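Listing of final.cif; format and content: mmCIF, C-alpha atoms and all ligand atoms.
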```
data_final
loop_
_atom_site.group_PDB
_atom_site.id
_atom_site.type_symbol
_atom_site.label_atom_id
_atom_site.label_comp_id
_atom_site.auth_asym_id
_atom_site.auth_seq_id
_atom_site.Cartn_x
_atom_site.Cartn_y
_atom_site.Cartn_z
ATOM 1 C CA MET A 1 206.370 131.477 -46.410
ATOM 2 C CA THR A 2 206.322 131.747 -42.633
ATOM 3 C CA GLN A 3 204.059 129.734 -40.370
ATOM 4 C CA ALA A 4 202.064 132.832 -39.504
ATOM 5 C CA ASP A 5 201.319 133.415 -43.149
ATOM 6 C CA THR A 6 200.302 129.797 -43.607
ATOM 7 C CA MET A 7 197.998 129.841 -40.590
ATOM 8 C CA SER A 8 196.325 133.095 -41.529
ATOM 9 C CA ASP A 9 195.692 131.645 -44.980
ATOM 10 C CA ILE A 10 194.071 128.571 -43.472
ATOM 11 C CA ARG A 11 192.050 130.457 -40.890
ATOM 12 C CA ASP A 12 190.453 132.547 -43.582
ATOM 13 C CA THR A 13 188.936 129.511 -45.206
ATOM 14 C CA TYR A 14 185.435 128.182 -44.729
ATOM 15 C CA ARG A 15 186.904 124.705 -44.390
ATOM 16 C CA TRP A 16 188.996 125.707 -41.376
ATOM 17 C CA LYS A 17 185.956 127.176 -39.631
ATOM 18 C CA GLN A 18 184.109 123.894 -40.182
ATOM 19 C CA VAL A 19 187.024 121.724 -39.024
ATOM 20 C CA ARG A 20 187.716 123.958 -36.027
ATOM 21 C CA ALA A 21 184.099 123.745 -34.852
ATOM 22 C CA ALA A 22 184.100 119.964 -35.341
ATOM 23 C CA ILE A 23 187.303 119.516 -33.287
ATOM 24 C CA LEU A 24 186.064 121.716 -30.440
ATOM 25 C CA THR A 25 182.880 119.648 -30.328
ATOM 26 C CA ARG A 26 184.777 116.333 -30.562
ATOM 27 C CA ASP A 27 187.044 117.320 -27.675
ATOM 28 C CA ALA A 28 184.155 118.825 -25.657
ATOM 29 C CA LYS A 29 185.933 122.205 -25.667
ATOM 30 C CA THR A 30 188.509 120.799 -23.264
ATOM 31 C CA CYS A 31 192.171 121.706 -23.692
ATOM 32 C CA HIS A 32 194.242 118.709 -24.789
ATOM 33 C CA TYR A 33 197.199 119.933 -22.742
ATOM 34 C CA CYS A 34 195.841 121.271 -19.448
ATOM 35 C CA GLY A 35 192.135 120.363 -19.352
ATOM 36 C CA ASP A 36 191.026 123.984 -19.244
ATOM 37 C CA THR A 37 188.226 125.317 -21.443
ATOM 38 C CA ALA A 38 189.436 125.277 -25.033
ATOM 39 C CA THR A 39 188.667 128.137 -27.369
ATOM 40 C CA THR A 40 191.210 127.335 -30.071
ATOM 41 C CA VAL A 41 192.296 124.332 -32.118
ATOM 42 C CA ASP A 42 195.952 123.376 -32.232
ATOM 43 C CA HIS A 43 197.956 121.308 -34.713
ATOM 44 C CA LEU A 44 199.796 118.466 -32.937
ATOM 45 C CA ILE A 45 202.384 118.600 -35.707
ATOM 46 C CA PRO A 46 202.677 122.259 -36.698
ATOM 47 C CA LEU A 47 202.145 123.235 -40.299
ATOM 48 C CA SER A 48 205.697 124.547 -40.316
ATOM 49 C CA LYS A 49 206.866 120.978 -39.608
ATOM 50 C CA GLY A 50 204.715 119.406 -42.285
ATOM 51 C CA GLY A 51 201.570 118.717 -40.238
ATOM 52 C CA ALA A 52 198.311 118.275 -42.109
ATOM 53 C CA PRO A 53 196.211 121.447 -41.812
ATOM 54 C CA PHE A 54 192.721 119.883 -41.849
ATOM 55 C CA GLU A 55 193.392 116.330 -40.643
ATOM 56 C CA PRO A 56 191.373 115.627 -37.457
ATOM 57 C CA ASP A 57 194.095 113.268 -36.201
ATOM 58 C CA ASN A 58 196.495 116.220 -36.249
ATOM 59 C CA LEU A 59 194.120 118.571 -34.449
ATOM 60 C CA VAL A 60 193.221 118.978 -30.795
ATOM 61 C CA ALA A 61 191.208 121.496 -28.848
ATOM 62 C CA ALA A 62 193.463 123.812 -26.850
ATOM 63 C CA CYS A 63 193.037 126.807 -24.607
ATOM 64 C CA ALA A 64 194.537 130.032 -25.904
ATOM 65 C CA ARG A 65 197.257 129.945 -23.246
ATOM 66 C CA CYS A 66 198.538 126.477 -24.194
ATOM 67 C CA ASN A 67 198.202 127.177 -27.896
ATOM 68 C CA TYR A 68 200.265 130.318 -27.453
ATOM 69 C CA ALA A 69 202.829 128.590 -25.221
ATOM 70 C CA LYS A 70 203.220 125.685 -27.636
ATOM 71 C CA LYS A 71 203.704 127.914 -30.675
ATOM 72 C CA ASN A 72 205.371 125.864 -33.393
ATOM 73 C CA LYS A 73 206.650 123.049 -31.198
ATOM 74 C CA THR A 74 205.329 119.575 -31.878
ATOM 75 C CA ALA A 75 202.998 118.214 -29.188
ATOM 76 C CA ALA A 76 205.654 115.685 -28.148
ATOM 77 C CA VAL A 77 208.197 118.417 -27.475
ATOM 78 C CA PHE A 78 205.658 120.640 -25.748
ATOM 79 C CA LEU A 79 204.505 117.819 -23.437
ATOM 80 C CA MET A 80 208.031 116.643 -22.622
ATOM 81 C CA PRO A 81 208.177 116.419 -18.822
ATOM 82 C CA GLN A 82 210.171 119.045 -17.041
ATOM 83 C CA PRO A 83 212.731 117.924 -14.438
ATOM 84 C CA PRO A 84 210.839 117.371 -11.189
ATOM 85 C CA SER A 85 211.189 120.017 -8.537
ATOM 86 C CA PRO A 86 212.636 119.043 -5.132
ATOM 87 C CA ASP A 87 209.130 119.323 -3.651
ATOM 88 C CA THR A 88 207.755 116.776 -6.100
ATOM 89 C CA LEU A 89 210.632 114.410 -5.372
ATOM 90 C CA SER A 90 210.012 114.479 -1.642
ATOM 91 C CA ILE A 91 206.404 113.385 -2.196
ATOM 92 C CA THR A 92 206.883 110.705 -4.836
ATOM 93 C CA SER A 93 210.293 109.347 -3.875
ATOM 94 C CA PRO A 94 210.272 105.553 -3.333
ATOM 95 C CA ILE A 95 212.109 106.088 -0.065
ATOM 96 C CA VAL A 96 209.306 108.295 1.255
ATOM 97 C CA THR A 97 206.534 105.977 0.059
ATOM 98 C CA GLY A 98 208.388 102.906 1.354
ATOM 99 C CA LYS A 99 208.272 100.993 -1.924
ATOM 100 C CA GLN A 100 212.063 100.583 -2.179
ATOM 101 C CA ILE A 101 212.082 100.090 -5.931
ATOM 102 C CA GLY A 102 215.009 97.944 -7.065
ATOM 103 C CA ARG A 103 215.569 96.191 -3.756
ATOM 104 C CA ALA A 104 215.134 92.755 -5.335
ATOM 105 C CA HIS A 105 218.424 93.274 -7.144
ATOM 106 C CA VAL A 106 220.413 93.914 -3.967
HETATM 107 ZN ZN ZN A 201 195.477 124.522 -21.962
#
```
Have the structure of the file written as structure tokens, please.
Amino acid sequence: MTQADTMSDIRDTYRWKQVRAAILTRDAKTCHYCGDTATTVDHLIPLSKGGAPFEPDNLVAACARCNYAKKNKTAAVFLMPQPPSPDTLSITSPIVTGKQIGRAHV
């Protein structure tokens, strides 16, 4: 059975509608990933990876965009930081901010 089949099975159930509404309320309809307005509920551990379908600890509110982008990745993989861009480095670099991290070891 594919994940899509599993999810469509779950989403047809009364229980899912109840859980989904409860999670959106719990998370104040705020996307767990980007803070945007959430209209969907996402499984932190996807069903295809053995995540619990109705367990609140495995569910977070998510906007449709993040839910779509995450697909069947686990939340940990989806949230893994991307390599910083050169622009970000120039702002946060210890040299620029003058903190000189690691100097004590010199
Ligand atoms: Zn989002």
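With distances restricted to all atoms listed in the file, A:Lys70 is the closest residue to ligand ZN 201 (chain A) from A:Arg26, A:Arg11, A:Lys70, A:Arg20.
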Would you list the residues near (197.3, 125.5, -23.1), meaning any protein, DNA or RNA residue with an atom at most 12 Å from that point in file coordinates, counting only C-alpha atoms, as a PyMOL selection string?
chain A and resi 30-42+60-71+75+78-79
Can you work out the spacing between atom CA of Gly50 of chain A and atom CA of Pro83 of chain A in Å, to one decimal?
29.0 Å
Measuring between only C-alpha atoms and all ligand atoms, which one of A:Lys17, A:Lys73, A:Lys49, A:Lys29 shows the shortest distance to ligand ZN 201 (chain A)?
A:Lys29
Would you kindly return, as a PyMOL selection string, each protein, DNA or RNA residue with an atom no farther than 10 Å from any atom of Trp16 of chain A, considering all atoms listed in the file and excluding same-chain residues fewer than 4 positions away?
chain A and resi 7+9-12+20-22+41+53-54
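Atom CA of Asn72 of chain A to atom CA of Pro46 of chain A spans 5.6 Å [interatomic distance, one decimal].
Restricting the calculation to all atoms listed in the file, the smallest distance between Asp57 of chain A and any of A:Leu44, A:Met80, A:Val19, A:Leu24 is found for A:Leu44.
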Rounded to one decimal place, report the atom CA of Thr25 of chain A-atom ZN of ligand ZN 201 (chain A) distance in Å.
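Spanning atom CA of Thr25 of chain A to atom ZN of ligand ZN 201 (chain A) is a straight-line distance of 15.9 Å.
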For a quick check of understanding, using all atoms listed in the file, which of A:Thr6, A:Gln82, A:Thr74, A:Gln18 has the smallest distance to His43 of chain A?
A:Thr74
Starting from the sparse input, extend segment 49-72 of chain A to N, CA and C atoms and give the output as a CSV table (one decimal), keeping the file's coordinate frame.
```csv
chain,number,residue,atom,x,y,z
A,49,LYS,N,206.1,122.2,-39.6
A,49,LYS,CA,206.9,121.0,-39.6
A,49,LYS,C,206.2,119.9,-40.5
A,50,GLY,N,205.3,120.3,-41.3
A,50,GLY,CA,204.7,119.4,-42.3
A,50,GLY,C,203.4,118.8,-41.8
A,51,GLY,N,202.8,119.3,-40.7
A,51,GLY,CA,201.6,118.7,-40.2
A,51,GLY,C,200.4,119.0,-41.2
A,52,ALA,N,199.5,118.1,-41.2
A,52,ALA,CA,198.3,118.3,-42.1
A,52,ALA,C,197.4,119.3,-41.5
A,53,PRO,N,197.0,120.3,-42.3
A,53,PRO,CA,196.2,121.4,-41.8
A,53,PRO,C,194.8,121.1,-41.4
A,54,PHE,N,194.1,120.2,-42.1
A,54,PHE,CA,192.7,119.9,-41.8
A,54,PHE,C,192.5,118.5,-41.4
A,55,GLU,N,193.5,117.7,-41.0
A,55,GLU,CA,193.4,116.3,-40.6
A,55,GLU,C,193.0,116.2,-39.2
A,56,PRO,N,191.8,115.7,-38.9
A,56,PRO,CA,191.4,115.6,-37.5
A,56,PRO,C,192.4,115.0,-36.5
A,57,ASP,N,193.1,113.9,-37.0
A,57,ASP,CA,194.1,113.3,-36.2
A,57,ASP,C,195.2,114.2,-35.8
A,58,ASN,N,195.4,115.3,-36.6
A,58,ASN,CA,196.5,116.2,-36.2
A,58,ASN,C,196.0,117.4,-35.5
A,59,LEU,N,194.7,117.4,-35.1
A,59,LEU,CA,194.1,118.6,-34.4
A,59,LEU,C,193.6,118.2,-33.1
A,60,VAL,N,193.8,119.1,-32.1
A,60,VAL,CA,193.2,119.0,-30.8
A,60,VAL,C,192.7,120.3,-30.3
A,61,ALA,N,191.7,120.3,-29.5
A,61,ALA,CA,191.2,121.5,-28.8
A,61,ALA,C,192.3,122.0,-27.9
A,62,ALA,N,192.5,123.3,-27.8
A,62,ALA,CA,193.5,123.8,-26.8
A,62,ALA,C,193.0,125.2,-26.3
A,63,CYS,N,193.3,125.5,-25.1
A,63,CYS,CA,193.0,126.8,-24.6
A,63,CYS,C,194.0,127.8,-25.2
A,64,ALA,N,193.7,129.0,-25.2
A,64,ALA,CA,194.5,130.0,-25.9
A,64,ALA,C,195.9,130.1,-25.3
A,65,ARG,N,196.0,129.9,-24.0
A,65,ARG,CA,197.3,129.9,-23.2
A,65,ARG,C,198.2,128.8,-23.7
A,66,CYS,N,197.7,127.6,-23.8
A,66,CYS,CA,198.5,126.5,-24.2
A,66,CYS,C,198.9,126.6,-25.7
A,67,ASN,N,197.9,127.0,-26.5
A,67,ASN,CA,198.2,127.2,-27.9
A,67,ASN,C,199.3,128.2,-28.1
A,68,TYR,N,199.2,129.3,-27.3
A,68,TYR,CA,200.3,130.3,-27.5
A,68,TYR,C,201.6,129.8,-26.9
A,69,ALA,N,201.6,129.1,-25.8
A,69,ALA,CA,202.8,128.6,-25.2
A,69,ALA,C,203.5,127.6,-26.1
A,70,LYS,N,202.7,126.7,-26.8
A,70,LYS,CA,203.2,125.7,-27.6
A,70,LYS,C,203.8,126.3,-28.9
A,71,LYS,N,203.2,127.3,-29.4
A,71,LYS,CA,203.7,127.9,-30.7
A,71,LYS,C,203.9,126.9,-31.7
A,72,ASN,N,205.2,126.8,-32.3
A,72,ASN,CA,205.4,125.9,-33.4
A,72,ASN,C,206.1,124.6,-32.9
```
